[in-house]
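File shown here: structure38.csv, holding CSV, C-alpha atoms.
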chain,number,residue,atom,x,y,z
A,1203,MET,CA,4.6,11.5,4.1
A,1204,PRO,CA,5.4,8.2,6.0
A,1205,ASP,CA,8.9,7.7,7.2
A,1206,TRP,CA,9.7,4.7,5.0
A,1207,ASP,CA,13.3,4.4,6.3
A,1208,ALA,CA,11.9,3.9,9.8
A,1209,LYS,CA,9.2,1.4,8.7
A,1210,TYR,CA,11.7,-0.7,6.8
A,1211,ALA,CA,14.3,-0.5,9.5
A,1212,ALA,CA,11.8,-1.8,12.1
A,1213,ARG,CA,11.1,-5.1,10.4
A,1214,ASP,CA,12.1,-7.4,7.6
A,1215,ASP,CA,9.8,-8.4,4.7
A,1216,LEU,CA,7.4,-5.6,5.5
A,1217,PHE,CA,5.1,-6.7,2.7
A,1218,GLY,CA,6.3,-10.3,2.4
A,1219,ALA,CA,9.2,-12.0,0.8
A,1220,ALA,CA,7.4,-13.4,-2.3
A,1221,PRO,CA,6.5,-11.3,-5.3
A,1222,ASN,CA,3.1,-9.7,-5.7
A,1223,ASP,CA,0.6,-12.2,-7.2
A,1224,TYR,CA,-0.4,-9.7,-10.0
A,1225,VAL,CA,3.2,-9.1,-10.9
A,1226,ARG,CA,3.7,-12.8,-11.1
A,1227,CYS,CA,0.6,-13.3,-13.2
A,1228,MET,CA,1.3,-10.6,-15.8
A,1229,ALA,CA,5.1,-11.2,-16.1
A,1230,THR,CA,4.5,-14.9,-17.0
A,1231,ARG,CA,1.8,-14.3,-19.7
A,1232,SER,CA,2.8,-15.6,-23.1
A,1233,ASP,CA,2.5,-12.1,-24.6
A,1234,PHE,CA,4.5,-10.3,-21.9
A,1235,PRO,CA,7.1,-8.1,-23.8
A,1236,GLY,CA,10.1,-9.1,-21.7
A,1237,GLY,CA,12.9,-6.9,-20.4
A,1238,PRO,CA,14.2,-4.4,-19.7
A,1239,VAL,CA,11.7,-3.5,-16.9
A,1240,LEU,CA,11.4,-0.7,-14.4
A,1241,CYS,CA,9.9,-1.1,-10.9
A,1242,LEU,CA,8.8,2.1,-9.3
A,1243,ALA,CA,8.5,2.2,-5.5
A,1244,ASP,CA,10.0,-1.3,-5.3
A,1245,GLY,CA,10.5,-1.1,-1.6
A,1246,ASP,CA,12.8,-3.9,-0.2
A,1247,GLY,CA,12.9,-5.6,-3.6
A,1248,ARG,CA,10.5,-8.6,-3.5
A,1249,ASN,CA,9.2,-7.8,-7.0
A,1250,GLY,CA,12.4,-6.5,-8.6
A,1251,THR,CA,14.4,-9.5,-7.4
A,1252,TRP,CA,11.8,-12.0,-8.6
A,1253,LEU,CA,11.6,-10.3,-12.0
A,1254,ALA,CA,15.4,-10.5,-12.3
A,1255,SER,CA,15.2,-14.2,-11.5
A,1256,LEU,CA,13.3,-14.6,-14.8
A,1257,GLY,CA,16.4,-13.4,-16.6
A,1258,LEU,CA,15.0,-9.8,-17.1
A,1259,GLU,CA,17.1,-6.7,-16.9
A,1260,VAL,CA,15.6,-4.8,-14.0
A,1261,THR,CA,15.9,-1.1,-12.9
A,1262,ALA,CA,14.2,-0.4,-9.5
A,1263,VAL,CA,13.6,3.0,-7.9
A,1264,ASP,CA,12.5,3.6,-4.3
A,1265,ILE,CA,12.5,6.6,-1.9
A,1266,SER,CA,13.8,4.7,1.1
A,1267,ARG,CA,17.6,4.2,1.5
A,1268,VAL,CA,17.0,1.5,4.1
A,1269,ALA,CA,14.6,-0.4,1.7
A,1270,THR,CA,17.1,-0.1,-1.1
A,1271,GLN,CA,19.9,-1.6,1.0
A,1272,LYS,CA,17.7,-4.5,2.0
A,1273,ALA,CA,16.8,-5.0,-1.6
A,1274,ARG,CA,20.4,-5.2,-2.6
A,1275,ARG,CA,21.0,-7.8,0.0
A,1276,ARG,CA,18.1,-9.7,-1.3
A,1277,ASP,CA,19.5,-9.5,-4.8
A,1278,THR,CA,23.0,-10.7,-3.6
A,1279,ALA,CA,21.5,-13.6,-1.7
A,1280,ALA,CA,19.7,-14.7,-4.8
A,1281,GLY,CA,22.8,-14.3,-7.0
A,1282,LEU,CA,21.1,-11.6,-9.1
A,1283,GLN,CA,21.8,-8.1,-10.2
A,1284,VAL,CA,19.3,-5.3,-10.2
A,1285,ASP,CA,20.1,-1.6,-11.0
A,1286,ARG,CA,18.7,-0.1,-7.8
A,1287,ILE,CA,18.3,3.7,-7.3
A,1288,THR,CA,17.3,5.6,-4.2
A,1289,ALA,CA,15.3,8.5,-5.3
A,1290,ASP,CA,12.0,10.3,-4.9
A,1291,ILE,CA,9.9,9.7,-8.1
A,1292,LEU,CA,8.7,13.3,-7.9
A,1293,GLU,CA,12.3,14.3,-8.7
A,1294,TRP,CA,13.7,11.3,-10.6
A,1295,THR,CA,13.7,11.1,-14.4
A,1296,PRO,CA,15.0,8.3,-16.5
A,1297,PRO,CA,18.7,8.9,-17.5
A,1298,GLY,CA,19.3,9.8,-21.1
A,1299,GLY,CA,15.6,9.3,-22.1
A,1300,GLN,CA,15.8,5.6,-21.2
A,1301,ARG,CA,12.7,3.6,-21.9
A,1302,TRP,CA,11.5,0.1,-20.8
A,1303,ASN,CA,9.4,-2.7,-22.1
A,1304,ALA,CA,7.4,-2.8,-18.9
A,1305,VAL,CA,6.9,-0.7,-15.8
A,1306,PHE,CA,5.5,-2.0,-12.5
A,1307,LEU,CA,3.8,0.3,-10.0
A,1308,ILE,CA,2.7,-1.8,-7.1
A,1309,TYR,CA,1.0,-0.4,-4.0
A,1310,LEU,CA,2.2,3.2,-4.2
A,1311,GLN,CA,-0.5,4.8,-2.0
A,1312,SER,CA,0.0,8.5,-2.2
A,1313,ASP,CA,-1.6,11.9,-2.4
A,1314,PRO,CA,-3.3,12.8,-5.7
A,1315,GLY,CA,-0.4,14.9,-7.0
A,1316,THR,CA,2.2,12.2,-6.4
A,1317,ARG,CA,-0.1,9.6,-7.8
A,1318,GLN,CA,-0.6,11.6,-11.0
A,1319,CYS,CA,3.2,12.2,-11.3
A,1320,ALA,CA,3.9,8.5,-10.8
A,1321,LEU,CA,1.3,7.4,-13.4
A,1322,GLN,CA,2.6,9.9,-16.0
A,1323,LEU,CA,6.2,9.0,-15.3
A,1324,ALA,CA,5.4,5.3,-15.7
A,1325,SER,CA,3.5,5.8,-18.9
A,1326,ASN,CA,6.2,8.0,-20.4
A,1327,ALA,CA,8.9,5.6,-19.5
A,1328,LEU,CA,7.4,2.9,-21.8
A,1329,ARG,CA,8.6,2.0,-25.2
A,1330,PRO,CA,5.9,1.6,-27.9
A,1331,GLY,CA,4.2,-1.7,-27.1
A,1332,GLY,CA,5.4,-1.6,-23.5
A,1333,TRP,CA,3.2,-2.6,-20.6
A,1334,LEU,CA,2.3,-0.6,-17.4
A,1335,VAL,CA,1.3,-3.0,-14.6
A,1336,ILE,CA,-0.5,-1.5,-11.6
A,1337,GLU,CA,-1.9,-2.9,-8.4
A,1338,ALA,CA,-3.1,-0.7,-5.6
A,1339,PHE,CA,-5.8,-0.2,-3.0
A,1340,ALA,CA,-8.9,1.3,-4.6
A,1341,ARG,CA,-11.9,3.3,-3.7
A,1342,GLY,CA,-15.0,1.4,-2.6
A,1343,ALA,CA,-17.4,3.4,-0.4
A,1344,GLY,CA,-19.4,1.4,2.0
A,1345,LEU,CA,-17.6,-1.9,1.4
A,1346,GLU,CA,-16.4,-3.8,4.5
A,1347,VAL,CA,-12.8,-4.7,3.8
A,1348,ALA,CA,-10.0,-5.4,6.3
A,1349,LEU,CA,-7.1,-3.7,4.5
A,1350,GLY,CA,-6.1,-0.5,2.9
A,1351,PRO,CA,-5.8,3.2,3.9
A,1352,ARG,CA,-8.9,4.9,5.4
A,1353,ASP,CA,-7.8,8.2,3.7
A,1354,GLY,CA,-9.7,8.1,0.4
A,1355,SER,CA,-7.4,10.6,-1.2
A,1356,VAL,CA,-4.6,8.0,-1.5
A,1357,LEU,CA,-6.9,5.4,-3.2
A,1358,TYR,CA,-7.0,4.6,-6.9
A,1359,SER,CA,-9.7,4.0,-9.4
A,1360,LEU,CA,-9.7,2.5,-12.9
A,1361,GLU,CA,-11.3,5.8,-14.2
A,1362,GLU,CA,-8.4,7.8,-12.8
A,1363,ILE,CA,-5.7,5.5,-14.2
A,1364,GLU,CA,-7.2,5.5,-17.7
A,1365,ARG,CA,-7.7,9.3,-17.6
A,1366,LEU,CA,-4.1,9.9,-16.6
A,1367,THR,CA,-2.6,7.5,-19.1
A,1368,PRO,CA,-4.3,8.3,-22.4
A,1369,ASP,CA,-1.6,6.7,-24.5
A,1370,LEU,CA,-2.3,3.2,-23.1
A,1371,THR,CA,-4.7,0.6,-24.2
A,1372,ALA,CA,-6.1,-1.6,-21.5
A,1373,LEU,CA,-5.1,-5.3,-21.7
A,1374,ASP,CA,-6.4,-6.2,-18.2
A,1375,ALA,CA,-8.5,-4.2,-15.8
A,1376,PHE,CA,-10.2,-5.1,-12.5
A,1377,GLU,CA,-11.6,-3.1,-9.6
A,1378,GLY,CA,-13.2,-5.0,-6.8
A,1379,ARG,CA,-12.6,-7.1,-3.7
A,1380,THR,CA,-10.0,-9.8,-3.4
A,1381,ARG,CA,-8.2,-11.6,-0.5
A,1382,LEU,CA,-4.5,-10.7,-0.2
A,1383,ASP,CA,-1.8,-12.9,1.4
A,1384,GLU,CA,1.4,-10.9,1.2
A,1385,GLY,CA,3.3,-10.4,4.4
A,1386,ASP,CA,1.9,-9.1,7.7
A,1387,ARG,CA,0.7,-5.8,6.1
A,1388,HIS,CA,-1.4,-7.3,3.3
A,1389,GLN,CA,-3.5,-10.1,4.9
A,1390,GLY,CA,-7.2,-10.2,4.3
A,1391,LEU,CA,-10.0,-8.9,2.2
A,1392,ALA,CA,-9.2,-5.7,0.2
A,1393,GLN,CA,-10.7,-3.4,-2.4
A,1394,VAL,CA,-8.1,-3.2,-5.1
A,1395,VAL,CA,-7.5,-2.1,-8.7
A,1396,ARG,CA,-5.4,-4.2,-11.0
A,1397,TYR,CA,-4.6,-2.7,-14.4
A,1398,THR,CA,-2.3,-3.5,-17.3
A,1399,GLY,CA,-2.1,-1.1,-20.2
A,1400,ARG,CA,0.0,-1.2,-23.4
A,1401,ARG,CA,1.7,1.8,-24.8
A,1402,ARG,CA,0.4,2.6,-28.3

Starting from the file, give its structure as structure tokens.
Amino acid sequence: MPDWDAKYAARDDLFGAAPNDYVRCMATRSDFPGGPVLCLADGDGRNGTWLASLGLEVTAVDISRVATQKARRRDTAAGLQVDRITADILEWTPPGGQRWNAVFLIYLQSDPGTRQCALQLASNALRPGGWLVIEAFARGAGLEVALGPRDGSVLYSLEEIERLTPDLTALDAFEGRTRLDEGDRHQGLAQVVRYTGRRR
């Protein structure tokens, strides 16, 4: 597993300072269910802080202590409050059976077991009618793209997402090439999956 504390300690805005474009797109739709929302693997907070700026109640979880500290400083600088938790999502469970109106899972590239756990955690954390919003690097054999892991085991597919979240109905689903412009790490052409599902 990557040493995320070291990665976040080495530089600021590892994946940019602005929120992810897909997060911004889905959270501003007229039918978005509103807060409270949960951000899994929120890193140094660019998505969680922005969602809080919309007036949403936000809980954010990340494995990196360093990233969480940076995220809290980002929140403070923006005059916002986010409930930030440093935890491994393989071990973390929502306290007291808490549920959210939306869960965001953005670029958690991980082994199949962790990915399955994260998708099931995210789906189970939704209230009825709640949305799961995902963006990640996707499989795409033979495509010439500039970004994303070369280890195919950490890549997503729409088929896998839908298979592992059977209680969701797709509202938006895309798998293909797009150009990313999010910090130094996400610059260029990428094969991605973008998926939003609603809990039945």

Inset, instruction - Please provide as an MDAnalysis selection string all residues within 10 Å of Leu1292 in chain A, with the sequence filter that same-chain residues fewer than 4 positions apart are discarded (counting only C-alpha atoms). - result: chainID A and resid 1265 1315:1320 1323

Inset, instruction - Excluding Thr1380 in chain A and any residue of its chain fewer than 2 positions from it, enumerate the residues within 9 Å of it, using all atoms listed in the file, and give them as a PyMOL selection string. - result: chain A and resi 1378+1382+1390-1394

Inset, instruction - Find the distance between CA of His1388 in chain A and CA of Ala1372 in chain A and write it in Å to one decimal. - result: 25.9 Å

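Shell of Lys1272 in chain A at 7 Å, with only C-alpha atoms counted and residues fewer than 4 places along the chain excluded, is Asp1246, Val1268 and Arg1276 of chain A.
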
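Nearest to Ile1363 in chain A of all the residues A:Gly1257, A:Gly1399, A:Gly1299, A:Gly1247 is A:Gly1399, based on only C-alpha atoms.
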
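Distance annotation: of A:Leu1370, A:Ala1243, A:Ala1273, A:Cys1227, the residue with the minimal separation from Phe1306 in chain A is A:Ala1243; atom set is all atoms listed in the file.
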
Can you pull out every residue within 8 Å of range 1231-1235 of chain A, counting only C-alpha atoms, but drop anything in the same chain fewer than 6 positions away, and send it as an mmCIF file with C-alpha atoms, keeping the file's coordinate frame?
data_model
loop_
_atom_site.group_PDB
_atom_site.id
_atom_site.type_symbol
_atom_site.label_atom_id
_atom_site.label_comp_id
_atom_site.auth_asym_id
_atom_site.auth_seq_id
_atom_site.Cartn_x
_atom_site.Cartn_y
_atom_site.Cartn_z
ATOM 1 C CA ASN A 1303 9.400 -2.700 -22.100
ATOM 2 C CA ALA A 1304 7.400 -2.800 -18.900
ATOM 3 C CA GLY A 1331 4.200 -1.700 -27.100
ATOM 4 C CA GLY A 1332 5.400 -1.600 -23.500
ATOM 5 C CA TRP A 1333 3.200 -2.600 -20.600
#

Inset, instruction - Give the answer as one residue: which of A:Gly1237, A:Pro1314, A:Gly1250, A:Gly1298 has the shortest atom-to-atom distance to Arg1286 in chain A, using all atoms listed in the file? - result: A:Gly1250
